[in-house]
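Coordinates from my_file-v4.cif are shown below (mmCIF, C-alpha atoms).
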data_final
loop_
_atom_site.group_PDB
_atom_site.id
_atom_site.type_symbol
_atom_site.label_atom_id
_atom_site.label_comp_id
_atom_site.auth_asym_id
_atom_site.auth_seq_id
_atom_site.Cartn_x
_atom_site.Cartn_y
_atom_site.Cartn_z
ATOM 1 C CA MET Z 1439 102.005 185.143 98.173
ATOM 2 C CA ALA Z 1440 98.392 184.607 97.071
ATOM 3 C CA ARG Z 1441 97.549 188.318 97.456
ATOM 4 C CA ARG Z 1442 99.879 189.184 94.560
ATOM 5 C CA TYR Z 1443 97.876 186.998 92.178
ATOM 6 C CA ASP Z 1444 94.257 187.266 93.350
ATOM 7 C CA GLN Z 1445 93.429 190.650 91.802
ATOM 8 C CA SER Z 1446 92.988 189.403 88.243
ATOM 9 C CA THR Z 1447 91.249 186.457 86.615
ATOM 10 C CA THR Z 1448 93.886 186.364 83.871
ATOM 11 C CA THR Z 1449 96.987 185.915 86.064
ATOM 12 C CA PHE Z 1450 98.055 182.469 87.225
ATOM 13 C CA SER Z 1451 99.731 182.052 90.593
ATOM 14 C CA PRO Z 1452 103.026 180.116 90.744
ATOM 15 C CA GLU Z 1453 100.997 177.079 91.846
ATOM 16 C CA GLY Z 1454 98.957 177.298 88.620
ATOM 17 C CA ARG Z 1455 95.781 178.603 90.267
ATOM 18 C CA LEU Z 1456 93.327 181.355 89.317
ATOM 19 C CA HIS Z 1457 92.343 182.760 92.689
ATOM 20 C CA GLN Z 1458 89.393 184.893 91.532
ATOM 21 C CA VAL Z 1459 87.766 181.813 89.976
ATOM 22 C CA GLU Z 1460 88.333 179.868 93.192
ATOM 23 C CA TYR Z 1461 86.743 182.688 95.205
ATOM 24 C CA ALA Z 1462 83.697 182.580 92.910
ATOM 25 C CA ILE Z 1463 83.394 178.816 93.495
ATOM 26 C CA GLU Z 1464 83.661 179.446 97.245
ATOM 27 C CA ALA Z 1465 80.731 181.888 96.996
ATOM 28 C CA ILE Z 1466 78.613 178.979 95.714
ATOM 29 C CA ASN Z 1467 79.417 176.985 98.850
ATOM 30 C CA ASN Z 1468 77.703 179.697 100.927
ATOM 31 C CA ALA Z 1469 74.546 179.745 98.775
ATOM 32 C CA GLY Z 1470 71.246 177.965 99.401
ATOM 33 C CA THR Z 1471 71.410 174.201 98.908
ATOM 34 C CA CYS Z 1472 70.229 172.662 95.618
ATOM 35 C CA VAL Z 1473 69.747 168.920 95.026
ATOM 36 C CA GLY Z 1474 69.236 166.951 91.816
ATOM 37 C CA LEU Z 1475 68.419 163.217 91.607
ATOM 38 C CA LEU Z 1476 68.023 161.065 88.497
ATOM 39 C CA CYS Z 1477 65.261 158.458 88.713
ATOM 40 C CA THR Z 1478 64.167 155.606 86.458
ATOM 41 C CA ASP Z 1479 61.024 157.566 85.520
ATOM 42 C CA GLY Z 1480 62.155 161.191 85.801
ATOM 43 C CA ILE Z 1481 64.204 163.701 87.785
ATOM 44 C CA VAL Z 1482 63.712 165.198 91.255
ATOM 45 C CA LEU Z 1483 64.890 168.765 91.914
ATOM 46 C CA THR Z 1484 64.816 170.559 95.238
ATOM 47 C CA ALA Z 1485 66.218 173.842 96.531
ATOM 48 C CA GLU Z 1486 66.344 175.800 99.761
ATOM 49 C CA ARG Z 1487 64.442 179.068 99.725
ATOM 50 C CA ARG Z 1488 66.142 181.649 101.933
ATOM 51 C CA VAL Z 1489 63.805 184.094 103.682
ATOM 52 C CA VAL Z 1490 65.773 187.291 104.349
ATOM 53 C CA SER Z 1491 62.968 189.064 106.216
ATOM 54 C CA LYS Z 1492 59.373 188.309 107.143
ATOM 55 C CA LEU Z 1493 58.480 191.808 105.910
ATOM 56 C CA LEU Z 1494 59.681 191.005 102.396
ATOM 57 C CA ALA Z 1495 56.846 190.426 99.911
ATOM 58 C CA PRO Z 1496 56.910 186.880 98.494
ATOM 59 C CA SER Z 1497 58.344 186.569 94.997
ATOM 60 C CA LYS Z 1498 55.844 186.162 92.154
ATOM 61 C CA THR Z 1499 58.111 183.609 90.484
ATOM 62 C CA SER Z 1500 60.693 181.155 91.743
ATOM 63 C CA GLU Z 1501 64.161 182.537 92.473
ATOM 64 C CA LYS Z 1502 65.746 179.065 92.455
ATOM 65 C CA THR Z 1503 64.081 177.145 89.600
ATOM 66 C CA TYR Z 1504 64.060 178.406 85.998
ATOM 67 C CA THR Z 1505 62.567 176.858 82.876
ATOM 68 C CA ILE Z 1506 65.036 177.094 79.974
ATOM 69 C CA ASP Z 1507 62.856 175.305 77.412
ATOM 70 C CA ASP Z 1508 59.999 172.812 77.440
ATOM 71 C CA HIS Z 1509 62.508 170.008 78.054
ATOM 72 C CA VAL Z 1510 65.161 171.696 80.264
ATOM 73 C CA VAL Z 1511 64.971 173.142 83.799
ATOM 74 C CA ALA Z 1512 67.765 174.751 85.860
ATOM 75 C CA LEU Z 1513 68.352 175.198 89.591
ATOM 76 C CA VAL Z 1514 70.467 178.176 90.669
ATOM 77 C CA ALA Z 1515 72.916 178.477 93.568
ATOM 78 C CA GLY Z 1516 74.728 181.770 94.070
ATOM 79 C CA LEU Z 1517 74.089 185.316 92.883
ATOM 80 C CA THR Z 1518 70.615 185.537 91.345
ATOM 81 C CA ALA Z 1519 71.478 188.681 89.362
ATOM 82 C CA ASP Z 1520 74.398 186.888 87.682
ATOM 83 C CA ALA Z 1521 72.196 183.867 87.039
ATOM 84 C CA ASN Z 1522 69.566 185.974 85.237
ATOM 85 C CA ILE Z 1523 72.109 186.952 82.565
ATOM 86 C CA LEU Z 1524 73.068 183.324 81.946
ATOM 87 C CA ILE Z 1525 69.453 182.092 82.011
ATOM 88 C CA ASN Z 1526 68.512 184.619 79.316
ATOM 89 C CA GLN Z 1527 71.521 183.586 77.218
ATOM 90 C CA SER Z 1528 70.547 179.939 77.590
ATOM 91 C CA ARG Z 1529 66.916 180.553 76.632
ATOM 92 C CA LEU Z 1530 67.957 182.577 73.607
ATOM 93 C CA GLY Z 1531 70.372 179.880 72.418
ATOM 94 C CA SER Z 1532 67.751 177.158 72.875
ATOM 95 C CA GLN Z 1533 65.148 179.051 70.832
ATOM 96 C CA ARG Z 1534 67.656 179.850 68.087
ATOM 97 C CA HIS Z 1535 68.452 176.134 67.826
ATOM 98 C CA MET Z 1536 64.730 175.323 67.601
ATOM 99 C CA TYR Z 1537 64.217 177.976 64.897
ATOM 100 C CA LYS Z 1538 67.222 176.788 62.875
ATOM 101 C CA TYR Z 1539 66.846 173.001 63.161
ATOM 102 C CA GLN Z 1540 63.141 172.618 64.016
ATOM 103 C CA GLU Z 1541 63.927 170.339 66.976
ATOM 104 C CA PRO Z 1542 64.703 170.897 70.668
ATOM 105 C CA MET Z 1543 68.312 171.615 71.578
ATOM 106 C CA PRO Z 1544 70.037 168.568 73.150
ATOM 107 C CA VAL Z 1545 70.401 168.977 76.921
ATOM 108 C CA GLU Z 1546 74.197 168.732 76.975
ATOM 109 C CA GLN Z 1547 74.444 171.296 74.185
ATOM 110 C CA VAL Z 1548 72.355 173.717 76.268
ATOM 111 C CA VAL Z 1549 74.753 173.218 79.182
ATOM 112 C CA LYS Z 1550 77.850 173.556 77.006
ATOM 113 C CA SER Z 1551 76.673 176.860 75.492
ATOM 114 C CA VAL Z 1552 76.201 178.369 78.982
ATOM 115 C CA CYS Z 1553 79.580 177.080 80.156
ATOM 116 C CA ASN Z 1554 81.353 178.539 77.117
ATOM 117 C CA TYR Z 1555 79.880 181.923 78.009
ATOM 118 C CA LYS Z 1556 80.944 181.531 81.668
ATOM 119 C CA GLN Z 1557 84.462 180.486 80.690
ATOM 120 C CA ALA Z 1558 84.927 183.627 78.570
ATOM 121 C CA TYR Z 1559 84.535 185.690 81.751
ATOM 122 C CA THR Z 1560 87.623 184.003 83.207
ATOM 123 C CA GLN Z 1561 89.721 184.573 80.073
ATOM 124 C CA TYR Z 1562 89.821 188.335 79.582
ATOM 125 C CA GLY Z 1563 90.972 191.249 81.750
ATOM 126 C CA GLY Z 1564 88.432 193.631 83.229
ATOM 127 C CA LEU Z 1565 85.836 190.892 83.742
ATOM 128 C CA ARG Z 1566 84.919 188.864 86.800
ATOM 129 C CA PRO Z 1567 83.582 185.292 86.881
ATOM 130 C CA PHE Z 1568 79.850 184.731 87.267
ATOM 131 C CA GLY Z 1569 79.187 183.949 90.932
ATOM 132 C CA THR Z 1570 76.627 181.271 90.211
ATOM 133 C CA ALA Z 1571 76.396 177.516 89.672
ATOM 134 C CA PHE Z 1572 73.611 175.561 88.000
ATOM 135 C CA LEU Z 1573 72.003 172.163 88.085
ATOM 136 C CA PHE Z 1574 70.560 171.530 84.613
ATOM 137 C CA ALA Z 1575 67.971 168.770 84.320
ATOM 138 C CA GLY Z 1576 66.191 167.686 81.153
ATOM 139 C CA TRP Z 1577 65.278 165.046 78.627
ATOM 140 C CA ASP Z 1578 66.161 164.517 74.986
ATOM 141 C CA ALA Z 1579 65.462 161.757 72.487
ATOM 142 C CA VAL Z 1580 69.093 160.554 72.332
ATOM 143 C CA HIS Z 1581 70.152 160.265 75.998
ATOM 144 C CA GLY Z 1582 66.850 160.406 77.899
ATOM 145 C CA PHE Z 1583 66.830 162.052 81.333
ATOM 146 C CA GLN Z 1584 70.057 163.893 82.206
ATOM 147 C CA LEU Z 1585 71.464 165.917 85.108
ATOM 148 C CA TYR Z 1586 74.434 168.299 84.810
ATOM 149 C CA GLN Z 1587 76.301 170.530 87.258
ATOM 150 C CA THR Z 1588 78.183 173.679 86.193
ATOM 151 C CA ASP Z 1589 80.518 175.961 88.141
ATOM 152 C CA PRO Z 1590 81.873 179.538 87.653
ATOM 153 C CA SER Z 1591 85.016 178.310 85.877
ATOM 154 C CA GLY Z 1592 82.954 177.032 82.930
ATOM 155 C CA ASN Z 1593 83.401 173.361 83.788
ATOM 156 C CA TYR Z 1594 80.418 171.028 83.707
ATOM 157 C CA SER Z 1595 79.865 167.380 84.557
ATOM 158 C CA GLY Z 1596 77.065 164.836 84.336
ATOM 159 C CA TRP Z 1597 75.703 163.283 87.542
ATOM 160 C CA LYS Z 1598 73.251 160.632 88.697
ATOM 161 C CA ALA Z 1599 72.699 162.642 91.885
ATOM 162 C CA THR Z 1600 74.463 165.672 93.340
ATOM 163 C CA VAL Z 1601 74.247 168.555 95.819
ATOM 164 C CA ILE Z 1602 75.524 172.130 95.423
ATOM 165 C CA GLY Z 1603 75.475 175.052 97.835
ATOM 166 C CA GLN Z 1604 75.889 175.212 101.595
ATOM 167 C CA ASN Z 1605 76.774 171.985 103.432
ATOM 168 C CA ASN Z 1606 76.997 170.111 100.127
ATOM 169 C CA GLN Z 1607 79.437 167.579 101.606
ATOM 170 C CA ALA Z 1608 76.895 166.551 104.250
ATOM 171 C CA GLY Z 1609 74.289 166.177 101.499
ATOM 172 C CA LYS Z 1610 76.592 164.050 99.357
ATOM 173 C CA SER Z 1611 77.302 161.728 102.274
ATOM 174 C CA ILE Z 1612 73.539 161.077 102.572
ATOM 175 C CA LEU Z 1613 73.375 160.389 98.826
ATOM 176 C CA LYS Z 1614 76.068 157.726 99.167
ATOM 177 C CA THR Z 1615 73.919 155.769 101.620
ATOM 178 C CA ASP Z 1616 70.325 156.548 100.555
ATOM 179 C CA TYR Z 1617 70.431 157.076 96.772
ATOM 180 C CA LYS Z 1618 69.889 154.073 94.485
ATOM 181 C CA THR Z 1619 69.882 154.188 90.701
ATOM 182 C CA GLU Z 1620 66.706 152.070 90.567
ATOM 183 C CA ASN Z 1621 64.745 154.575 92.683
ATOM 184 C CA LYS Z 1622 61.570 156.058 91.273
ATOM 185 C CA VAL Z 1623 60.490 159.696 91.640
ATOM 186 C CA GLU Z 1624 58.422 158.964 94.766
ATOM 187 C CA ASP Z 1625 61.453 157.374 96.476
ATOM 188 C CA ASN Z 1626 63.836 160.186 95.597
ATOM 189 C CA LEU Z 1627 61.422 162.886 96.756
ATOM 190 C CA LYS Z 1628 61.980 161.572 100.278
ATOM 191 C CA VAL Z 1629 65.765 161.422 99.790
ATOM 192 C CA ALA Z 1630 65.802 165.029 98.537
ATOM 193 C CA VAL Z 1631 63.781 166.305 101.499
ATOM 194 C CA LYS Z 1632 65.988 164.353 103.923
ATOM 195 C CA ILE Z 1633 69.081 166.056 102.482
ATOM 196 C CA LEU Z 1634 67.582 169.531 102.874
ATOM 197 C CA LEU Z 1635 66.518 168.803 106.456
ATOM 198 C CA LYS Z 1636 70.152 167.877 107.226
ATOM 199 C CA THR Z 1637 71.764 170.816 105.395
ATOM 200 C CA MET Z 1638 69.422 173.706 106.269
ATOM 201 C CA ASP Z 1639 70.347 175.974 109.186
ATOM 202 C CA SER Z 1640 66.815 176.020 110.610
ATOM 203 C CA SER Z 1641 65.958 173.531 113.365
ATOM 204 C CA THR Z 1642 62.241 173.805 112.500
ATOM 205 C CA PRO Z 1643 61.950 173.317 108.710
ATOM 206 C CA SER Z 1644 58.808 174.571 106.998
ATOM 207 C CA PRO Z 1645 57.388 173.974 103.482
ATOM 208 C CA GLU Z 1646 57.886 177.683 102.706
ATOM 209 C CA ARG Z 1647 61.650 177.139 102.803
ATOM 210 C CA ILE Z 1648 61.726 174.120 100.484
ATOM 211 C CA GLU Z 1649 61.089 174.212 96.749
ATOM 212 C CA LEU Z 1650 60.450 170.722 95.384
ATOM 213 C CA SER Z 1651 59.689 169.775 91.785
ATOM 214 C CA THR Z 1652 59.756 166.806 89.414
ATOM 215 C CA ILE Z 1653 60.393 166.310 85.710
ATOM 216 C CA ARG Z 1654 58.592 163.455 83.958
ATOM 217 C CA ARG Z 1655 57.694 162.406 80.437
ATOM 218 C CA ASN Z 1656 54.029 161.892 79.646
ATOM 219 C CA GLU Z 1657 53.869 158.708 77.586
ATOM 220 C CA ASP Z 1658 50.510 159.671 76.047
ATOM 221 C CA THR Z 1659 51.372 163.187 74.853
ATOM 222 C CA GLN Z 1660 55.178 162.607 74.611
ATOM 223 C CA GLN Z 1661 55.614 165.936 76.432
ATOM 224 C CA ILE Z 1662 58.024 166.723 79.270
ATOM 225 C CA GLU Z 1663 56.095 167.818 82.368
ATOM 226 C CA HIS Z 1664 57.672 169.961 85.077
ATOM 227 C CA TYR Z 1665 55.542 169.830 88.229
ATOM 228 C CA THR Z 1666 56.174 171.887 91.382
ATOM 229 C CA LEU Z 1667 54.842 170.361 94.602
ATOM 230 C CA SER Z 1668 52.482 172.446 96.745
ATOM 231 C CA ASP Z 1669 53.304 173.485 100.321
ATOM 232 C CA ALA Z 1670 50.839 170.861 101.591
ATOM 233 C CA GLU Z 1671 52.586 168.076 99.654
ATOM 234 C CA VAL Z 1672 56.018 169.255 100.844
ATOM 235 C CA GLY Z 1673 54.728 169.474 104.439
ATOM 236 C CA ALA Z 1674 53.505 165.867 104.297
ATOM 237 C CA LEU Z 1675 56.934 164.712 103.062
ATOM 238 C CA ILE Z 1676 58.683 166.651 105.840
ATOM 239 C CA GLU Z 1677 56.499 164.959 108.471
ATOM 240 C CA ASP Z 1678 57.212 161.503 106.998
ATOM 241 C CA ILE Z 1679 60.979 162.074 106.966
ATOM 242 C CA GLN Z 1680 61.027 163.501 110.494
ATOM 243 C CA ALA Z 1681 59.092 160.457 111.732
ATOM 244 C CA GLU Z 1682 61.623 158.135 110.027
ATOM 245 C CA ILE Z 1683 64.567 160.044 111.530
ATOM 246 C CA GLU Z 1684 63.034 159.832 115.017
ATOM 247 C CA LYS Z 1685 62.462 156.086 114.572
ATOM 248 C CA GLU Z 1686 66.117 155.589 113.534
ATOM 249 C CA GLN Z 1687 67.329 157.594 116.541
ATOM 250 C CA LYS Z 1688 65.212 155.496 118.933
ATOM 251 C CA LYS Z 1689 66.639 152.302 117.402
ATOM 252 C CA GLU Z 1690 70.177 153.569 117.881
ATOM 253 C CA GLN Z 1691 69.474 154.551 121.473
ATOM 254 C CA ALA Z 1692 67.928 151.128 122.165
ATOM 255 C CA SER Z 1693 70.890 149.261 120.663
ATOM 256 C CA THR Z 1694 73.325 151.438 122.639
ATOM 257 C CA GLY Z 1695 71.385 150.712 125.828
ATOM 258 C CA ASP Z 1696 71.621 146.940 125.220
ATOM 259 C CA ILE Z 1697 75.398 147.129 125.079
#
Can you present the structure in this file as structure tokens?
Amino acid sequence: MARRYDQSTTTFSPEGRLHQVEYAIEAINNAGTCVGLLCTDGIVLTAERRVVSKLLAPSKTSEKTYTIDDHVVALVAGLTADANILINQSRLGSQRHMYKYQEPMPVEQVVKSVCNYKQAYTQYGGLRPFGTAFLFAGWDAVHGFQLYQTDPSGNYSGWKATVIGQNNQAGKSILKTDYKTENKVEDNLKVAVKILLKTMDSSTPSPERIELSTIRRNEDTQQIEHYTLSDAEVGALIEDIQAEIEKEQKKEQASTGDI
């Protein structure tokens, strides 16, 4: 039955579903993992870098993290080519708002403008949905630090912490136990790395496969600072988390042995 209704984004199935949009969302679930965590003093963002071949020259810029404006950053999961179109649209809209109103565009308004554009590609014949999802993170004077997730249908939602991409359910289960709203950036850096270690396919994680960054507000300059951790800093975090995991496993084995 589904095959009769999955050729077009504009045709509903008898169950009220748009199959092409659902397929686009499923493509996100096979993409590299992205994690966003709100903290009391900022936001932690991390993403899995996928190395297709060792012969491939390293990218000059990040393929997972994009700066939209001075106060907004986005993580991408899905088709990078599709994401580039939406990133450019978002940057253009943000600068037009700045030119017109002489103030930064509110974070949720940035997200909403992108989602409106994505939704239009599910509304008309001859178009296909964008096969990409975003985590938008930023700060504005009204609502402070904010984290939003978008999907190919044009829906968006605000989160305290979330995971998108491959094995996102396993990542969310870790968030339920390890994430606390009172955590600071330093605490959530460890939580973010722990999630990636659990969700990545590789049994031997390396700093080259993890992209970790923070967003903070400098109280002296009143500027939003987006800082990307170096491979050495990421490597140190990986070692700390692996040591903690080993310690937990030894405790469990000891308690099992006592029984």
Residue neighbourhood stretch 1616-1626 of chain Z, 8 Å, all atoms listed in the file, exclusion window fewer than 5 positions, as an MDAnalysis selection string: chainID Z and resid 1475:1482 1598:1599 1652
Explicit residue set for the PyMOL selection byres ((chain Z and resi 1660-1677) around 9), as an NGL selection string: :Z and (1505 or 1508-1511 or 1576-1577 or 1627-1628 or 1631-1632 or 1635 or 1643-1646 or 1648-1659 or 1678-1682)
Stretch 1534-1550 of chain Z environment, 9 Å, all atoms listed in the file, sequence neighbours closer than 5 positions dropped, as a list in words: Ile1506, Asp1507, Asp1508, His1509, Val1510, Ser1528, Arg1529, Tyr1555, Phe1574, Ala1575, Gly1576, Trp1577, Asp1578, Ala1579, Val1580, His1581, Phe1583, Gln1584, Leu1585, Tyr1586, Gln1587, Thr1588, Gly1592, Asn1593, Tyr1594 and Gly1596 of chain Z
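Proximity to Z:Leu1483 was assessed for Z:Ala1521, Z:Asp1589, Z:Leu1513, Z:Gln1687 counting only C-alpha atoms; the smallest distance is recorded for Z:Leu1513.
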Interface rows for stretch 1536-1618 of chain Z against stretch 1484-1487 of chain Z: nearest pair, Å to one decimal, 10 Å, only C-alpha atoms, as JSON lines:
{"residue": "Z:Val1601", "atom": "CA", "partner": "Z:Ala1485", "partner_atom": "CA", "distance": 9.6}
{"residue": "Z:Ile1602", "atom": "CA", "partner": "Z:Ala1485", "partner_atom": "CA", "distance": 9.5}
{"residue": "Z:Gly1603", "atom": "CA", "partner": "Z:Glu1486", "partner_atom": "CA", "distance": 9.4}
{"residue": "Z:Gln1604", "atom": "CA", "partner": "Z:Glu1486", "partner_atom": "CA", "distance": 9.7}
Proximity to Z:Asn1605 - best of Z:Ala1469, Z:Val1489, Z:Ile1463, Z:Leu1456, only C-alpha atoms: Z:Ala1469
Atomic distance atom CA of Z:Thr1570 - atom CA of Z:Ile1633, expressed in Å with one decimal: 21.0 Å
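Going from atom CA of Z:Gly1531 to atom CA of Z:Gln1458 covers 27.4 Å.
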Å distance separating atom CA of Z:Leu1613 from atom CA of Z:Cys1472, one decimal place: 13.1 Å
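Restricting the calculation to all atoms listed in the file, the smallest distance between Z:Ile1612 and any of Z:Cys1553, Z:Val1459, Z:Val1473, Z:Ile1466 is found for Z:Val1473.
Residues matched by the PyMOL selection byres ((chain Z and resi 1559-1564) around 7) in this structure: Thr1447, Thr1448, Lys1556, Gln1557, Ala1558, Leu1565, Arg1566, Pro1567 and Ser1591 of chain Z.
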Pick from Z:Thr1499, Z:Ser1532, Z:Asn1468, Z:Ser1491, whichever lies nearest to Z:Gly1516 using all atoms listed in the file: Z:Asn1468
With all atoms of stretch 1603-1622 of chain Z from the file as input, state the centre and edge lengths in Å to one decimal of the axis-aligned box that has 8 Å extra on each side, as lines of an AutoDock Vina configuration file.
center_x = 70.5
center_y = 163.6
center_z = 97.4
size_x = 33.9
size_y = 39.1
size_z = 29.7
